[in-house]
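One file, data-v6.cif, carrying mmCIF, C-alpha atoms:
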data_structure
#
loop_
_atom_site.label_atom_id
_atom_site.label_comp_id
_atom_site.auth_asym_id
_atom_site.auth_seq_id
_atom_site.Cartn_x
_atom_site.Cartn_y
_atom_site.Cartn_z
CA MET S 1 0.00 0.00 0.00
CA ARG S 2 1.28 3.44 -0.88
CA THR S 3 2.27 5.61 2.08
CA PRO S 4 3.14 9.31 2.26
CA GLN S 5 6.75 10.43 2.12
CA VAL S 6 7.62 11.61 5.62
CA GLU S 7 8.93 15.14 5.95
CA ALA S 8 8.60 16.22 9.57
CA ASP S 9 6.80 19.51 10.13
CA PRO S 10 8.19 21.19 13.26
CA THR S 11 5.22 23.58 13.39
CA LEU S 12 2.89 20.72 14.31
CA PRO S 13 2.64 18.85 17.63
CA PRO S 14 4.58 15.56 17.80
CA GLU S 15 1.39 13.58 18.32
CA ILE S 16 -2.36 14.11 18.31
CA THR S 17 -5.42 12.37 19.68
CA ILE S 18 -8.06 11.47 17.13
CA TYR S 19 -11.57 11.57 18.55
CA GLU S 20 -13.39 9.18 16.21
CA VAL S 21 -17.03 10.12 15.61
CA GLY S 22 -17.89 7.81 12.71
CA ALA S 23 -20.04 5.40 14.70
CA ARG S 24 -22.23 8.19 16.11
CA ASP S 25 -22.00 11.42 14.12
CA GLY S 26 -21.05 9.52 10.99
CA LEU S 27 -24.06 7.23 10.98
CA GLN S 28 -26.76 9.33 12.65
CA ASN S 29 -27.94 10.92 9.40
CA GLU S 30 -28.23 7.66 7.43
CA LYS S 31 -31.82 7.11 6.27
CA ALA S 32 -31.57 3.32 6.13
CA ILE S 33 -31.22 1.85 9.62
CA VAL S 34 -27.83 0.23 10.16
CA PRO S 35 -28.24 -2.92 12.30
CA ALA S 36 -26.86 -2.80 15.84
CA GLU S 37 -24.59 -5.76 15.05
CA VAL S 38 -22.99 -3.81 12.20
CA LYS S 39 -22.50 -0.72 14.37
CA ALA S 40 -20.87 -2.79 17.12
CA GLU S 41 -18.55 -4.47 14.61
CA PHE S 42 -17.69 -1.06 13.13
CA ILE S 43 -16.62 0.16 16.58
CA ARG S 44 -14.57 -2.99 17.17
CA ARG S 45 -12.77 -2.52 13.86
CA LEU S 46 -12.12 1.16 14.53
CA ALA S 47 -10.59 0.31 17.89
CA ALA S 48 -8.51 -2.48 16.34
CA ALA S 49 -7.16 0.03 13.82
CA GLY S 50 -5.68 2.02 16.70
CA LEU S 51 -8.37 4.62 17.34
CA ALA S 52 -8.21 4.83 21.12
CA THR S 53 -11.16 7.22 21.52
CA VAL S 54 -14.38 6.23 19.76
CA GLU S 55 -17.71 7.95 20.39
CA THR S 56 -20.06 5.00 20.24
CA THR S 57 -23.67 6.22 20.15
CA SER S 58 -26.19 8.69 21.53
CA PHE S 59 -28.95 8.36 24.11
CA VAL S 60 -31.31 10.76 22.38
CA ASN S 61 -35.05 10.39 21.98
CA PRO S 62 -35.46 7.77 19.21
CA GLN S 63 -38.07 10.00 17.56
CA TRP S 64 -35.37 12.64 17.04
CA VAL S 65 -32.69 10.35 15.62
CA PRO S 66 -34.15 6.92 14.77
CA GLN S 67 -30.76 5.66 13.62
CA LEU S 68 -29.53 5.71 17.22
CA ALA S 69 -32.57 4.13 18.88
CA ASP S 70 -30.47 1.00 19.48
CA ALA S 71 -27.89 2.68 21.75
CA SER S 72 -28.30 0.25 24.65
CA GLU S 73 -28.25 -2.74 22.31
CA VAL S 74 -25.01 -1.59 20.68
CA LEU S 75 -23.33 -1.19 24.06
CA ASP S 76 -24.60 -4.58 25.21
CA LEU S 77 -23.11 -6.16 22.10
CA LEU S 78 -19.77 -4.46 22.78
CA GLY S 79 -19.61 -5.34 26.47
CA ASP S 80 -16.64 -3.83 28.30
CA GLU S 81 -15.12 -2.78 24.95
CA GLY S 82 -17.91 -0.23 24.56
CA ARG S 83 -17.55 1.41 27.95
CA GLY S 84 -14.99 3.43 29.86
CA PRO S 85 -13.51 6.94 29.56
CA LYS S 86 -12.46 6.39 25.93
CA ARG S 87 -15.96 5.40 24.76
CA PRO S 88 -18.09 8.52 25.21
CA VAL S 89 -21.78 8.68 24.33
CA LEU S 90 -23.86 11.74 23.51
CA VAL S 91 -26.63 12.67 25.97
CA PRO S 92 -29.06 15.58 25.45
CA ASN S 93 -30.68 15.76 28.88
CA GLU S 94 -31.14 14.03 32.23
CA ARG S 95 -33.26 11.27 30.75
CA GLY S 96 -30.48 10.53 28.31
CA LEU S 97 -28.01 10.52 31.19
CA ASP S 98 -30.22 8.08 33.11
CA ARG S 99 -30.12 5.68 30.19
CA ALA S 100 -26.37 6.15 29.75
CA LEU S 101 -25.71 5.44 33.43
CA GLU S 102 -27.92 2.36 33.27
CA ALA S 103 -25.75 1.18 30.38
CA GLY S 104 -22.60 1.67 32.46
CA VAL S 105 -20.83 4.28 30.36
CA GLY S 106 -17.69 6.04 31.55
CA ALA S 107 -17.86 9.25 29.52
CA ILE S 108 -20.52 11.50 28.04
CA ALA S 109 -20.80 14.46 25.71
CA ILE S 110 -23.39 17.23 25.74
CA PHE S 111 -24.29 19.13 22.58
CA GLY S 112 -24.86 22.88 22.76
CA SER S 113 -25.25 25.56 20.13
CA ALA S 114 -23.65 28.94 19.61
CA THR S 115 -26.82 30.21 17.89
CA GLU S 116 -30.41 30.54 18.99
CA THR S 117 -31.97 29.14 15.82
CA PHE S 118 -30.01 25.90 15.91
CA ALA S 119 -30.60 25.54 19.64
CA ARG S 120 -34.32 25.71 18.92
CA LYS S 121 -34.17 23.25 16.04
CA ASN S 122 -31.80 20.80 17.72
CA LEU S 123 -32.89 20.97 21.36
CA ASN S 124 -36.22 22.82 21.23
CA ARG S 125 -34.80 25.35 23.67
CA THR S 126 -33.09 28.72 23.72
CA VAL S 127 -29.34 28.80 24.32
CA ASP S 128 -29.95 29.87 27.93
CA GLU S 129 -32.51 27.12 28.47
CA SER S 130 -30.22 24.48 26.98
CA ILE S 131 -27.33 25.45 29.25
CA GLU S 132 -29.61 25.19 32.27
CA MET S 133 -30.78 21.80 30.99
CA PHE S 134 -27.15 20.65 30.83
CA ARG S 135 -26.28 21.88 34.33
CA PRO S 136 -27.69 18.89 36.29
CA VAL S 137 -26.48 16.51 33.57
CA VAL S 138 -22.88 17.62 34.04
CA GLU S 139 -23.15 17.77 37.83
CA ARG S 140 -24.54 14.24 38.07
CA ALA S 141 -22.08 12.88 35.54
CA ARG S 142 -19.13 14.35 37.43
CA ASP S 143 -20.50 13.03 40.73
CA CYS S 144 -20.53 9.57 39.11
CA GLY S 145 -16.91 9.95 38.02
CA LEU S 146 -17.64 10.36 34.31
CA TRP S 147 -15.49 12.32 31.87
CA VAL S 148 -17.55 15.07 30.21
CA ARG S 149 -17.15 16.77 26.84
CA ALA S 150 -19.08 19.82 25.60
CA TYR S 151 -19.77 20.23 21.90
CA VAL S 152 -20.57 23.70 20.61
CA SER S 153 -22.13 23.63 17.17
CA MET S 154 -22.40 26.48 14.63
CA CYS S 155 -19.14 28.03 15.79
CA PHE S 156 -18.24 29.45 12.38
CA GLY S 157 -21.54 30.00 10.61
CA ASP S 158 -25.22 29.15 10.79
CA PRO S 159 -27.46 28.32 7.79
CA TRP S 160 -30.29 30.45 9.21
CA GLU S 161 -28.43 33.25 10.98
CA GLY S 162 -25.37 33.57 8.76
CA PRO S 163 -22.00 34.60 10.25
CA VAL S 164 -21.69 33.98 13.98
CA PRO S 165 -19.77 36.58 15.99
CA VAL S 166 -16.66 35.20 17.68
CA ASP S 167 -17.61 36.76 21.01
CA GLN S 168 -20.97 35.00 20.86
CA VAL S 169 -19.27 31.62 20.40
CA VAL S 170 -16.80 32.31 23.19
CA GLY S 171 -19.59 33.32 25.55
CA VAL S 172 -21.46 30.05 25.03
CA ALA S 173 -18.26 28.01 25.24
CA GLU S 174 -17.27 29.70 28.48
CA ARG S 175 -20.67 29.00 30.07
CA LEU S 176 -20.56 25.33 29.07
CA MET S 177 -17.06 24.87 30.44
CA GLU S 178 -18.06 26.58 33.68
CA LEU S 179 -20.54 23.73 34.21
CA GLY S 180 -17.54 21.48 34.84
CA CYS S 181 -16.83 19.92 31.44
CA ASP S 182 -13.40 18.45 30.80
CA GLN S 183 -13.14 19.23 27.10
CA LEU S 184 -14.65 21.60 24.56
CA SER S 185 -15.20 20.63 20.92
CA LEU S 186 -15.60 23.49 18.45
CA GLY S 187 -18.01 22.48 15.70
CA ASP S 188 -17.94 23.85 12.17
CA THR S 189 -21.33 22.28 11.57
CA ILE S 190 -21.85 23.52 8.01
CA GLY S 191 -18.19 23.56 6.99
CA VAL S 192 -17.75 27.29 6.35
CA ALA S 193 -14.71 27.95 8.57
CA THR S 194 -11.55 29.44 7.11
CA SER S 195 -8.03 29.61 8.51
CA GLY S 196 -8.14 33.16 9.85
CA HIS S 197 -11.49 32.53 11.53
CA VAL S 198 -10.11 29.43 13.26
CA SER S 199 -7.10 31.38 14.54
CA ARG S 200 -9.22 34.23 15.82
CA LEU S 201 -11.61 31.95 17.70
CA LEU S 202 -8.82 29.98 19.36
CA ASP S 203 -7.09 33.21 20.39
CA ALA S 204 -10.35 34.59 21.79
CA LEU S 205 -10.96 31.41 23.80
CA GLY S 206 -7.44 31.58 25.18
CA ASP S 207 -7.99 35.18 26.24
CA ARG S 208 -10.98 33.96 28.29
CA GLY S 209 -9.00 31.19 29.98
CA ILE S 210 -9.98 28.24 27.76
CA GLY S 211 -6.61 26.98 26.64
CA VAL S 212 -5.88 24.72 23.69
CA ASP S 213 -5.14 21.86 26.12
CA ARG S 214 -8.91 21.66 26.74
CA VAL S 215 -10.06 22.18 23.15
CA GLY S 216 -10.81 19.81 20.29
CA VAL S 217 -11.82 20.79 16.77
CA HIS S 218 -14.62 19.31 14.67
CA PHE S 219 -14.60 20.43 11.04
CA HIS S 220 -16.98 19.45 8.26
CA ASP S 221 -15.70 19.36 4.70
CA THR S 222 -18.55 21.09 2.86
CA TYR S 223 -16.17 23.52 1.13
CA GLY S 224 -13.11 21.26 1.20
CA GLN S 225 -11.53 23.20 4.08
CA ALA S 226 -11.65 20.67 6.94
CA LEU S 227 -8.05 19.51 6.73
CA SER S 228 -6.56 22.97 6.18
CA ASN S 229 -8.54 24.32 9.13
CA THR S 230 -7.35 21.41 11.24
CA LEU S 231 -3.73 22.22 10.44
CA VAL S 232 -4.29 25.81 11.57
CA ALA S 233 -5.72 24.56 14.88
CA LEU S 234 -2.80 22.16 15.38
CA ARG S 235 -0.31 24.95 14.79
CA HIS S 236 -2.11 26.85 17.55
CA GLY S 237 -1.42 23.96 19.92
CA VAL S 238 -4.66 21.97 19.68
CA THR S 239 -3.96 18.23 19.88
CA VAL S 240 -7.48 16.72 19.78
CA VAL S 241 -9.14 16.38 16.39
CA ASP S 242 -12.60 14.98 15.68
CA SER S 243 -12.84 12.94 12.50
CA SER S 244 -15.00 10.25 10.96
CA ALA S 245 -13.82 7.07 9.30
CA GLY S 246 -14.49 7.26 5.60
CA GLY S 247 -15.70 10.86 5.90
CA LEU S 248 -19.16 9.76 7.02
CA GLY S 249 -21.47 12.26 8.60
CA GLY S 250 -23.68 15.28 8.44
CA CYS S 251 -26.29 16.79 10.68
CA PRO S 252 -30.01 15.89 10.66
CA TYR S 253 -30.94 19.46 11.62
CA ALA S 254 -28.62 21.33 9.23
CA LYS S 255 -29.28 20.14 5.68
CA SER S 256 -26.24 21.95 4.25
CA ALA S 257 -23.87 20.00 6.50
CA THR S 258 -21.91 17.35 4.64
CA GLY S 259 -19.44 14.82 5.94
CA ASN S 260 -16.88 15.23 8.66
CA LEU S 261 -13.15 15.38 8.09
CA ALA S 262 -12.26 11.85 7.00
CA THR S 263 -10.05 10.04 9.50
CA GLU S 264 -8.00 8.56 6.65
CA ASP S 265 -7.29 12.00 5.19
CA LEU S 266 -6.20 13.22 8.60
CA VAL S 267 -3.97 10.20 9.25
CA TRP S 268 -2.32 10.47 5.81
CA ALA S 269 -1.51 14.15 6.41
CA MET S 270 -0.20 13.48 9.90
CA GLU S 271 1.97 10.55 8.82
CA GLY S 272 3.48 12.68 6.08
CA ALA S 273 4.24 15.42 8.60
CA GLY S 274 5.80 13.01 11.11
CA VAL S 275 2.96 13.39 13.62
CA ARG S 276 2.01 10.28 15.59
CA THR S 277 -1.64 9.21 15.64
CA GLY S 278 -1.42 5.56 16.77
CA VAL S 279 -3.62 4.56 13.83
CA ASP S 280 -2.83 1.80 11.34
CA LEU S 281 -3.91 3.35 8.04
CA GLU S 282 -4.24 0.07 6.16
CA SER S 283 -6.52 -1.39 8.81
CA LEU S 284 -8.57 1.80 8.90
CA LEU S 285 -8.95 1.77 5.12
CA ALA S 286 -10.27 -1.78 5.25
CA THR S 287 -12.76 -0.75 7.95
CA SER S 288 -14.08 2.22 5.96
CA ALA S 289 -14.35 0.14 2.80
CA TRP S 290 -16.28 -2.48 4.79
CA MET S 291 -18.73 0.14 6.11
CA ALA S 292 -19.10 1.77 2.68
CA ASN S 293 -20.09 -1.63 1.34
CA HIS S 294 -22.78 -1.91 4.03
CA LEU S 295 -24.07 1.55 3.17
CA GLY S 296 -24.05 0.79 -0.54
CA ARG S 297 -22.02 3.76 -1.72
CA PRO S 298 -18.36 4.79 -2.08
CA SER S 299 -16.55 6.65 0.66
CA PRO S 300 -16.20 10.43 0.18
CA SER S 301 -12.67 10.29 1.64
CA GLY S 302 -10.00 11.23 -0.89
CA VAL S 303 -7.46 8.87 0.67
CA VAL S 304 -9.92 5.97 0.71
CA ARG S 305 -10.72 6.54 -2.96
CA ALA S 306 -7.06 6.83 -3.92
CA LEU S 307 -5.85 3.79 -2.03
CA THR S 308 -8.74 1.45 -2.78
CA ALA S 309 -9.17 2.28 -6.48
CA PRO S 310 -8.65 -0.66 -8.87
CA SER S 311 -5.10 -0.69 -10.24
#
Take the structure from the file and write it as structure tokens.
Amino acid sequence: MRTPQVEADPTLPPEITIYEVGARDGLQNEKAIVPAEVKAEFIRRLAAAGLATVETTSFVNPQWVPQLADASEVLDLLGDEGRGPKRPVLVPNERGLDRALEAGVGAIAIFGSATETFARKNLNRTVDESIEMFRPVVERARDCGLWVRAYVSMCFGDPWEGPVPVDQVVGVAERLMELGCDQLSLGDTIGVATSGHVSRLLDALGDRGIGVDRVGVHFHDTYGQALSNTLVALRHGVTVVDSSAGGLGGCPYAKSATGNLATEDLVWAMEGAGVRTGVDLESLLATSAWMANHLGRPSPSGVVRALTAPS
């Protein structure tokens, strides 16, 4: 298998943590229901490829996201492999937390919004109301010893409201982190971020005491900018990057959102730059090709297409 020529880039960190979202964010927008057995096997294969952190599922109301109605079943199929601090699940509210705790999870993520319109569409609440909804979720999760992540969506643009002021994003991020979250993930939900915007937001967060050691980035590739924006964040000191095997993903409440940054594209770039990821690219490619076959369509990942094309 072809591999990138390694030319170490001293402007990048020596290693990064890939936060794999393919099994949850990658599959949640699929119209055809993927069987729980396939989802569990997908997670096993991702872990076997060296992805230490894999977000497994979401305990949302099944009416909201029918694809993830089988959350408990998936975790039961995985057993201990699907639990622990490196297997977070998304929870929207206390009922979701109850179900997650019953399933024995070791980490959760909450999902906030930097804009009012998306908060209404995604959570049926204002931004203020959603933060208050998350408060007891985070408190109870921390009391139970769980690791907690806070997603902030629409950090760089909103399909209904347009450009989102940096100060508005920082204000929401600050309030979520004050709840007691361990990590903040900045979401470019519709893929409109550009390099200068990424730099400005990270600088503004740092000025408010949210350092890059507590920040992950989550870029969508709608305009082909996900990898370039990721490199900007890494050069700012960020070392946690969300990505999705095969470039799967989207958002059921933002129709202009296309797939996430493909994990293969990220790993290829990092290997070429001499940055450690812990991921075996060949094994990951096989996993994404396997899932693409189940979904009945080719992977949108450039690296997957290049390395699995017939010779």
Quick one: residues within 7 Å of His218 (chain S), only C-alpha atoms, excluding same-chain residues fewer than 2 positions away - as a PyMOL selection string?
chain S and resi 185-188+216+220+241-243
Explicit residue set for the PyMOL selection byres ((chain S and resi 145) around 12), as a ChimeraX atom specification:
/S:84-85,101,104-108,138-144,146-148,180-182
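Note that the spacing between CA of Val170 (chain S) and CA of Ala204 (chain S) amounts to 7.0 Å.
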Would you translate the PyMOL selection byres ((chain S and resi 205-209) around 10) into the concrete set of residues it matches in this file, as a tab-separated table (two decimals) with C-alpha atoms, in the coordinates of the input?
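Resulting contents of part_37.tsv:
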chain	number	residue	atom	x	y	z
S	166	VAL	CA	-16.66	35.20	17.68
S	167	ASP	CA	-17.61	36.76	21.01
S	169	VAL	CA	-19.27	31.62	20.40
S	170	VAL	CA	-16.80	32.31	23.19
S	171	GLY	CA	-19.59	33.32	25.55
S	173	ALA	CA	-18.26	28.01	25.24
S	174	GLU	CA	-17.27	29.70	28.48
S	200	ARG	CA	-9.22	34.23	15.82
S	201	LEU	CA	-11.61	31.95	17.70
S	202	LEU	CA	-8.82	29.98	19.36
S	203	ASP	CA	-7.09	33.21	20.39
S	204	ALA	CA	-10.35	34.59	21.79
S	210	ILE	CA	-9.98	28.24	27.76
S	211	GLY	CA	-6.61	26.98	26.64
S	212	VAL	CA	-5.88	24.72	23.69
S	215	VAL	CA	-10.06	22.18	23.15
Option closest in space to Val279 (chain S), from S:Leu27, S:Leu75, S:Ala150, S:Leu46 [counting all atoms listed in the file]:
S:Leu46
With 6 Å on each side, where is the centre of the axis-aligned box around all listed atoms of region 53-64 of chain S, and how long are its edges in Å to one decimal, as lines of an AutoDock Vina configuration file?
center_x = -24.6
center_y = 8.8
center_z = 20.6
size_x = 38.9
size_y = 19.6
size_z = 19.1
Using the chain letters and numbers from this file, what does the PyMOL selection byres ((chain S and resi 9-13) around 10) select? Give the answer as a list in words.
Val6, Glu7, Ala8, Pro14, Glu15, Ile16, Leu231, Val232, Ala233, Leu234, Arg235, His236, Gly237, Val238, Thr239, Met270, Gly272, Ala273, Gly274, Val275 and Arg276 of chain S
Choose the residue, out of S:Trp268, S:Tyr19, S:Tyr223, S:Trp290, that has the smallest atom-to-atom separation from Leu51 (chain S); count only C-alpha atoms.
S:Tyr19
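When all atoms listed in the file are used to measure the gap to Met154 (chain S), the shortest distance among S:Gly191, S:Gly246, S:Gly96, S:Pro66 belongs to S:Gly191.
Distances to Arg44 (chain S) were evaluated for S:Leu266, S:Leu295, S:Leu68, S:Leu284 using all atoms listed in the file, and the minimum falls at S:Leu284.
CA of Arg45 (chain S) to CA of Ala286 (chain S) spans 9.0 Å [interatomic distance, one decimal].
For Pro298 (chain S), the list of residues within 12 Å, based on all atoms listed in the file and with local chain neighbours fewer than 3 positions off taken out, reads Gly246, Gly247, Leu248, Ser288, Ala289, Trp290, Met291, Ala292, Asn293, His294, Leu295, Ser301, Gly302, Val303, Val304, Arg305, Ala306, Thr308 and Ala309 of chain S.
Taking only C-alpha atoms, the non-local environment of Phe111 (chain S) within 7 Å (same-chain residues fewer than 3 positions away omitted) comprises Pro92, Ala150, Tyr151 and Val152 of chain S.
Picture a line from CA of Gly112 (chain S) to CA of Glu264 (chain S); it runs 27.4 Å.
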Which residues are near Met1 (chain S)? Cut-off 10 Å, all atoms listed in the file, ignore same chain within fewer than 6 positions. Put them as a count of residues only.
4
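Neighbouring residues of Asn61 (chain S) at 12 Å or closer, counting all atoms listed in the file and skipping chain neighbours under 4 positions away, are S:Val65, S:Pro66, S:Gln67, S:Leu68, S:Ala69, S:Asp70, S:Ala71, S:Leu90, S:Val91, S:Pro92, S:Asn93, S:Glu94, S:Arg95, S:Gly96, S:Leu97, S:Arg99, S:Asn122, S:Leu123.
When only C-alpha atoms are used to compute distances to Ser58 (chain S), the closest of the residues S:Ala109, S:Ala32, S:Val172, S:Met133 turns out to be S:Ala109.
With distances restricted to all atoms listed in the file, S:Val267 is the closest residue to Ala245 (chain S) from S:Val267, S:Thr17, S:Ala40, S:Ala226.
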